[in-house]
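**Student:** Just run14.csv, nothing more (CSV, C-alpha atoms):
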```
chain,number,residue,atom,x,y,z
Y,1,MET,CA,-2.5,22.2,18.9
Y,2,LEU,CA,-4.1,18.9,20.0
Y,3,MET,CA,-5.6,18.4,16.6
Y,4,LEU,CA,-2.1,18.9,15.0
Y,5,PHE,CA,-0.5,16.4,17.3
Y,6,LEU,CA,-3.3,13.8,16.7
Y,7,THR,CA,-3.0,14.3,12.9
Y,8,VAL,CA,0.8,13.9,13.0
Y,9,ALA,CA,0.5,10.8,15.3
Y,10,MET,CA,-2.0,9.2,12.9
Y,11,VAL,CA,-0.1,9.9,9.7
Y,12,HIS,CA,3.2,8.7,11.3
Y,13,LEU,CA,1.5,5.5,12.6
Y,14,ILE,CA,0.3,4.7,9.1
Y,15,ALA,CA,3.8,5.3,7.7
Y,16,LEU,CA,5.3,3.0,10.4
Y,17,MET,CA,2.7,0.3,9.7
Y,18,SER,CA,3.5,0.2,6.0
Y,19,PRO,CA,5.8,-2.8,5.4
Y,20,GLY,CA,9.3,-1.7,4.6
Y,21,PRO,CA,13.0,-2.4,5.3
Y,22,ASP,CA,12.7,-1.4,9.0
Y,23,PHE,CA,9.8,-3.7,9.6
Y,24,PHE,CA,11.4,-6.7,7.9
Y,25,PHE,CA,14.7,-6.1,9.7
Y,26,VAL,CA,13.1,-6.0,13.2
Y,27,SER,CA,10.8,-8.9,12.7
Y,28,GLN,CA,13.4,-11.1,11.2
Y,29,THR,CA,15.9,-10.3,14.0
Y,30,ALA,CA,13.4,-10.9,16.7
Y,31,ALA,CA,12.2,-14.2,15.2
Y,32,SER,CA,15.7,-15.6,14.5
Y,33,ARG,CA,17.9,-14.1,17.3
Y,34,SER,CA,16.3,-12.7,20.4
Y,35,ARG,CA,14.1,-9.9,21.7
Y,36,LYS,CA,17.2,-8.2,23.1
Y,37,GLU,CA,19.0,-8.2,19.7
Y,38,ALA,CA,15.9,-7.0,18.0
Y,39,MET,CA,15.6,-4.1,20.5
Y,40,MET,CA,19.1,-3.0,19.7
Y,41,GLY,CA,18.0,-2.8,16.1
Y,42,VAL,CA,14.9,-0.9,17.2
Y,43,ILE,CA,17.0,1.7,19.0
Y,44,GLY,CA,19.1,2.1,15.9
Y,45,ILE,CA,16.1,2.6,13.7
Y,46,THR,CA,14.6,5.1,16.2
Y,47,LEU,CA,17.9,7.1,16.2
Y,48,GLY,CA,17.6,7.2,12.4
Y,49,VAL,CA,14.1,8.5,12.6
Y,50,LEU,CA,15.3,11.0,15.2
Y,51,VAL,CA,17.9,12.3,12.7
Y,52,TRP,CA,15.3,12.5,9.8
Y,53,ALA,CA,12.7,14.3,12.1
Y,54,ALA,CA,15.3,16.8,13.3
Y,55,VAL,CA,16.4,17.6,9.7
Y,56,ALA,CA,12.8,17.9,8.5
Y,57,LEU,CA,12.0,20.3,11.3
Y,58,MET,CA,15.0,22.4,10.2
Y,59,GLY,CA,13.7,22.6,6.6
Y,60,LEU,CA,14.5,19.4,4.7
Y,61,HIS,CA,11.9,20.1,2.0
Y,62,LEU,CA,13.6,23.4,1.2
Y,63,ILE,CA,17.0,21.7,1.0
Y,64,LEU,CA,15.6,19.1,-1.4
Y,65,GLN,CA,13.9,21.7,-3.5
Y,66,LYS,CA,17.2,23.7,-4.0
Y,67,MET,CA,19.5,20.6,-4.2
Y,68,ALA,CA,17.7,18.1,-6.4
Y,69,TRP,CA,21.0,16.3,-7.1
Y,70,LEU,CA,21.3,15.5,-3.4
Y,71,HIS,CA,18.0,13.8,-3.5
Y,72,GLN,CA,19.2,11.7,-6.5
Y,73,ILE,CA,22.4,10.7,-4.7
Y,74,ILE,CA,20.5,9.7,-1.5
Y,75,THR,CA,18.0,7.7,-3.5
Y,76,VAL,CA,20.6,5.8,-5.6
Y,77,GLY,CA,22.9,5.2,-2.6
Y,78,GLY,CA,20.0,3.9,-0.5
Y,79,GLY,CA,18.7,1.7,-3.3
Y,80,LEU,CA,22.2,0.1,-3.8
Y,81,TYR,CA,22.5,-0.6,0.0
Y,82,LEU,CA,19.0,-2.2,0.0
Y,83,CYS,CA,20.0,-4.3,-3.0
Y,84,TRP,CA,23.2,-5.4,-1.2
Y,85,MET,CA,21.2,-6.5,1.8
Y,86,GLY,CA,18.7,-8.4,-0.4
Y,87,TRP,CA,21.6,-10.2,-2.1
Y,88,GLN,CA,23.1,-11.2,1.2
Y,89,LEU,CA,19.7,-12.7,2.3
Y,90,LEU,CA,19.3,-14.5,-1.0
Y,91,LYS,CA,22.8,-16.0,-0.7
Y,92,SER,CA,22.0,-17.2,2.9
Y,93,ALA,CA,18.7,-18.7,1.7
Y,94,ARG,CA,20.4,-20.6,-1.1
Y,95,ALA,CA,23.1,-21.9,1.3
Y,96,LYS,CA,20.5,-23.1,3.7
Y,97,LYS,CA,18.6,-24.9,0.9
Y,98,GLN,CA,21.8,-26.7,-0.3
Y,99,SER,CA,23.0,-27.7,3.2
Y,100,GLY,CA,19.6,-28.3,4.8
Y,101,ASP,CA,20.8,-26.2,7.8
Y,102,ASP,CA,18.4,-23.5,9.0
Y,103,THR,CA,20.5,-22.3,11.9
Y,104,THR,CA,22.5,-19.6,10.1
Y,105,VAL,CA,20.8,-16.3,9.7
Y,106,ALA,CA,21.9,-13.6,7.3
Y,107,LEU,CA,22.0,-10.9,10.0
Y,108,PRO,CA,24.9,-8.8,11.4
Y,109,ALA,CA,27.1,-10.4,14.0
Y,110,ARG,CA,25.7,-10.3,17.5
Y,111,GLY,CA,26.0,-6.9,19.1
Y,112,ARG,CA,26.0,-5.1,15.7
Y,113,THR,CA,22.2,-5.0,15.2
Y,114,PHE,CA,22.1,-1.4,16.5
Y,115,MET,CA,24.3,-0.2,13.7
Y,116,ARG,CA,22.5,-2.2,11.1
Y,117,GLY,CA,19.2,-0.9,12.3
Y,118,LEU,CA,20.5,2.7,12.0
Y,119,LEU,CA,21.9,2.2,8.5
Y,120,THR,CA,18.8,0.4,7.3
Y,121,ASN,CA,16.7,3.5,8.3
Y,122,LEU,CA,19.1,6.1,7.1
Y,123,SER,CA,19.7,4.4,3.8
Y,124,ASN,CA,15.9,4.2,3.0
Y,125,PRO,CA,15.2,7.0,0.5
Y,126,LYS,CA,11.5,6.6,1.3
Y,127,ALA,CA,12.3,8.3,4.6
Y,128,VAL,CA,13.6,11.3,2.7
Y,129,ILE,CA,10.4,11.4,0.7
Y,130,TYR,CA,8.2,11.1,3.8
Y,131,PHE,CA,10.0,13.6,6.0
Y,132,GLY,CA,10.7,15.9,3.1
Y,133,SER,CA,7.2,16.1,1.9
Y,134,VAL,CA,4.3,14.6,3.9
Y,135,PHE,CA,5.8,15.3,7.4
Y,136,SER,CA,7.0,18.7,6.4
Y,137,MET,CA,3.4,19.8,5.6
Y,138,PHE,CA,2.7,19.7,9.3
Y,139,VAL,CA,5.6,21.8,10.4
Y,140,GLY,CA,5.2,25.1,8.5
Y,141,ASP,CA,6.2,28.5,9.6
Y,142,SER,CA,3.1,28.9,11.6
Y,143,VAL,CA,4.1,26.1,14.0
Y,144,SER,CA,5.8,27.4,17.1
Y,145,GLY,CA,9.0,26.2,18.6
Y,146,GLY,CA,7.2,24.4,21.4
Y,147,GLU,CA,4.9,22.6,19.0
Y,148,ARG,CA,7.9,21.6,16.9
Y,149,LEU,CA,9.6,20.1,20.0
Y,150,GLY,CA,6.4,18.3,20.9
Y,151,ILE,CA,6.1,16.8,17.4
Y,152,PHE,CA,9.7,15.8,17.4
Y,153,LEU,CA,9.3,13.9,20.7
Y,154,LEU,CA,6.0,12.4,19.5
Y,155,ILE,CA,7.6,11.0,16.4
Y,156,VAL,CA,10.5,9.5,18.3
Y,157,VAL,CA,8.4,7.9,21.0
Y,158,GLU,CA,5.8,6.6,18.5
Y,159,THR,CA,8.6,5.0,16.4
Y,160,LEU,CA,10.2,3.3,19.5
Y,161,ALA,CA,6.8,2.0,20.7
Y,162,TRP,CA,5.7,0.6,17.4
Y,163,PHE,CA,8.9,-1.3,16.6
Y,164,SER,CA,9.2,-2.5,20.2
Y,165,LEU,CA,5.8,-4.0,19.7
Y,166,VAL,CA,6.9,-5.7,16.5
Y,167,ALA,CA,10.0,-7.1,18.3
Y,168,LEU,CA,7.9,-8.3,21.1
Y,169,VAL,CA,5.4,-10.1,18.9
Y,170,PHE,CA,8.0,-11.8,16.6
Y,171,ALA,CA,10.1,-12.9,19.6
Y,172,LEU,CA,7.2,-15.0,20.9
Y,173,PRO,CA,8.1,-18.7,21.1
Y,174,LYS,CA,5.5,-19.7,18.5
Y,175,MET,CA,6.8,-17.1,16.1
Y,176,ARG,CA,10.4,-18.2,16.7
Y,177,ARG,CA,9.5,-21.9,16.0
Y,178,GLY,CA,7.7,-20.9,12.9
Y,179,TYR,CA,10.8,-18.9,11.7
Y,180,GLN,CA,13.1,-21.9,12.4
Y,181,ARG,CA,11.0,-24.2,10.3
Y,182,LEU,CA,10.8,-21.7,7.4
Y,183,ALA,CA,14.1,-19.8,7.8
Y,184,LYS,CA,15.4,-20.4,4.3
Y,185,TRP,CA,12.0,-19.3,2.7
Y,186,ILE,CA,11.7,-16.3,4.9
Y,187,ASP,CA,15.3,-15.2,4.1
Y,188,GLY,CA,14.5,-15.7,0.4
Y,189,VAL,CA,11.3,-13.7,0.5
Y,190,ALA,CA,13.0,-11.0,2.6
Y,191,GLY,CA,15.9,-10.9,0.2
Y,192,VAL,CA,13.6,-10.4,-2.8
Y,193,VAL,CA,11.7,-7.7,-0.9
Y,194,PHE,CA,14.8,-5.7,0.1
Y,195,ALA,CA,16.2,-6.0,-3.5
Y,196,GLY,CA,12.8,-5.0,-4.9
Y,197,PHE,CA,12.8,-1.9,-2.7
Y,198,GLY,CA,16.3,-1.0,-3.9
Y,199,ILE,CA,15.6,-1.6,-7.6
Y,200,ALA,CA,12.3,0.3,-7.5
Y,201,LEU,CA,13.9,3.3,-5.8
Y,202,ILE,CA,16.8,3.4,-8.3
Y,203,MET,CA,14.5,3.0,-11.3
Y,204,ASN,CA,12.0,5.6,-10.1
Y,205,ARG,CA,14.5,8.2,-8.9
```
Let's see the structure in the file written out as structure tokens.
**Tutor:**
Amino acid sequence: MLMLFLTVAMVHLIALMSPGPDFFFVSQTAASRSRKEAMMGVIGITLGVLVWAAVALMGLHLILQKMAWLHQIITVGGGLYLCWMGWQLLKSARAKKQSGDDTTVALPARGRTFMRGLLTNLSNPKAVIYFGSVFSMFVGDSVSGGERLGIFLLIVVETLAWFSLVALVFALPKMRRGYQRLAKWIDGVAGVVFAGFGIALIMNR
């Protein structure tokens, strides 16, 4: 059982450390707003992972095998949402370049980062692929109910811990000052990344 937990923990940590929409959202929020705002986004992302982990433990891979059309809808819908977020960031970067004002940030209104974090995670089709294939390999029929609960808690705690660390690092004064100097460029790069994720997901569905 210990080896199972260690394996799942390592695989999930690698998945978390891979740059993606969740990472860019948390890091940008922490650098441009505050650690508190970023933590609200972290909680939203963690809730999204909680949902995916719960569905995976109930047999997500079987659902996707029998309902391929559902996977297609999730992929296209998530890709379009990421493209929309990328477009918003690119518009913000362009507006800052024209006005020379770096104070406006293309992020949700204060107090709404929880919902944006949740939607960013739930709309990421890569989460479907990860939890529906890689993650599901470790929760076969031979895994007991107690082990499944332990894996579920491990995934949730690990996600919360990792993104809390990201929020902490990017909220440091030096990181915040760096963001303020390069805000329009960071927004532009983040916009391209989000749009790139969305387009790639739609094209490769």
**Student:** For Y:Met1, which residue among Y:Ala56, Y:Ile151, Y:Met203, Y:Ala167 is the nearest when counting all atoms listed in the file?
**Tutor:** Y:Ile151
**Student:** Excluding Y:Ile45 and residues on its chain fewer than 2 positions from it, collect all residues at most 8 Å away from it, counting only C-alpha atoms, and give them as an NGL selection string.
**Tutor:** :Y and (22 or 41-43 or 47-49 or 114 or 117-121)
**Student:** Can you write out the residues you just picked, keeping C-alpha atoms, as a PDB file, in the frame of the given file?
**Tutor:**
```
ATOM      1  CA  ASP Y  22      12.700  -1.400   9.000  1.00  0.00           C
ATOM      2  CA  GLY Y  41      18.000  -2.800  16.100  1.00  0.00           C
ATOM      3  CA  VAL Y  42      14.900  -0.900  17.200  1.00  0.00           C
ATOM      4  CA  ILE Y  43      17.000   1.700  19.000  1.00  0.00           C
ATOM      5  CA  LEU Y  47      17.900   7.100  16.200  1.00  0.00           C
ATOM      6  CA  GLY Y  48      17.600   7.200  12.400  1.00  0.00           C
ATOM      7  CA  VAL Y  49      14.100   8.500  12.600  1.00  0.00           C
ATOM      8  CA  PHE Y 114      22.100  -1.400  16.500  1.00  0.00           C
ATOM      9  CA  GLY Y 117      19.200  -0.900  12.300  1.00  0.00           C
ATOM     10  CA  LEU Y 118      20.500   2.700  12.000  1.00  0.00           C
ATOM     11  CA  LEU Y 119      21.900   2.200   8.500  1.00  0.00           C
ATOM     12  CA  THR Y 120      18.800   0.400   7.300  1.00  0.00           C
ATOM     13  CA  ASN Y 121      16.700   3.500   8.300  1.00  0.00           C
TER      14      ASN Y 121
END
```
**Student:** List the spatial neighbours of Y:Leu13 as a ChimeraX atom specification - criterion: any atom at most 12 Å away, all atoms listed in the file, same-chain residues fewer than 5 positions off excluded.
**Tutor:** /Y:6-8,18-19,135,154-163
**Student:** One number please: atom CA of Y:Ile73 to atom CA of Y:Gly198, in Å, one decimal.
**Tutor:**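 Distance between the two atoms: 13.2 Å.
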**Student:** Kindly give the distance, in Å, that separates atom CA of Y:Trp52 and atom CA of Y:Gly20, rounded to a single decimal.
**Tutor:**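 About the pair atom CA of Y:Trp52 and atom CA of Y:Gly20: they are 16.3 Å apart.
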**Student:** From the set Y:Lys36, Y:Gln28, Y:Met17, Y:Gly44, which residue has the shortest atom-to-atom contact distance to Y:Arg116, counting only C-alpha atoms?
**Tutor:**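 So, comparing all the options, the nearest one is Y:Gly44.
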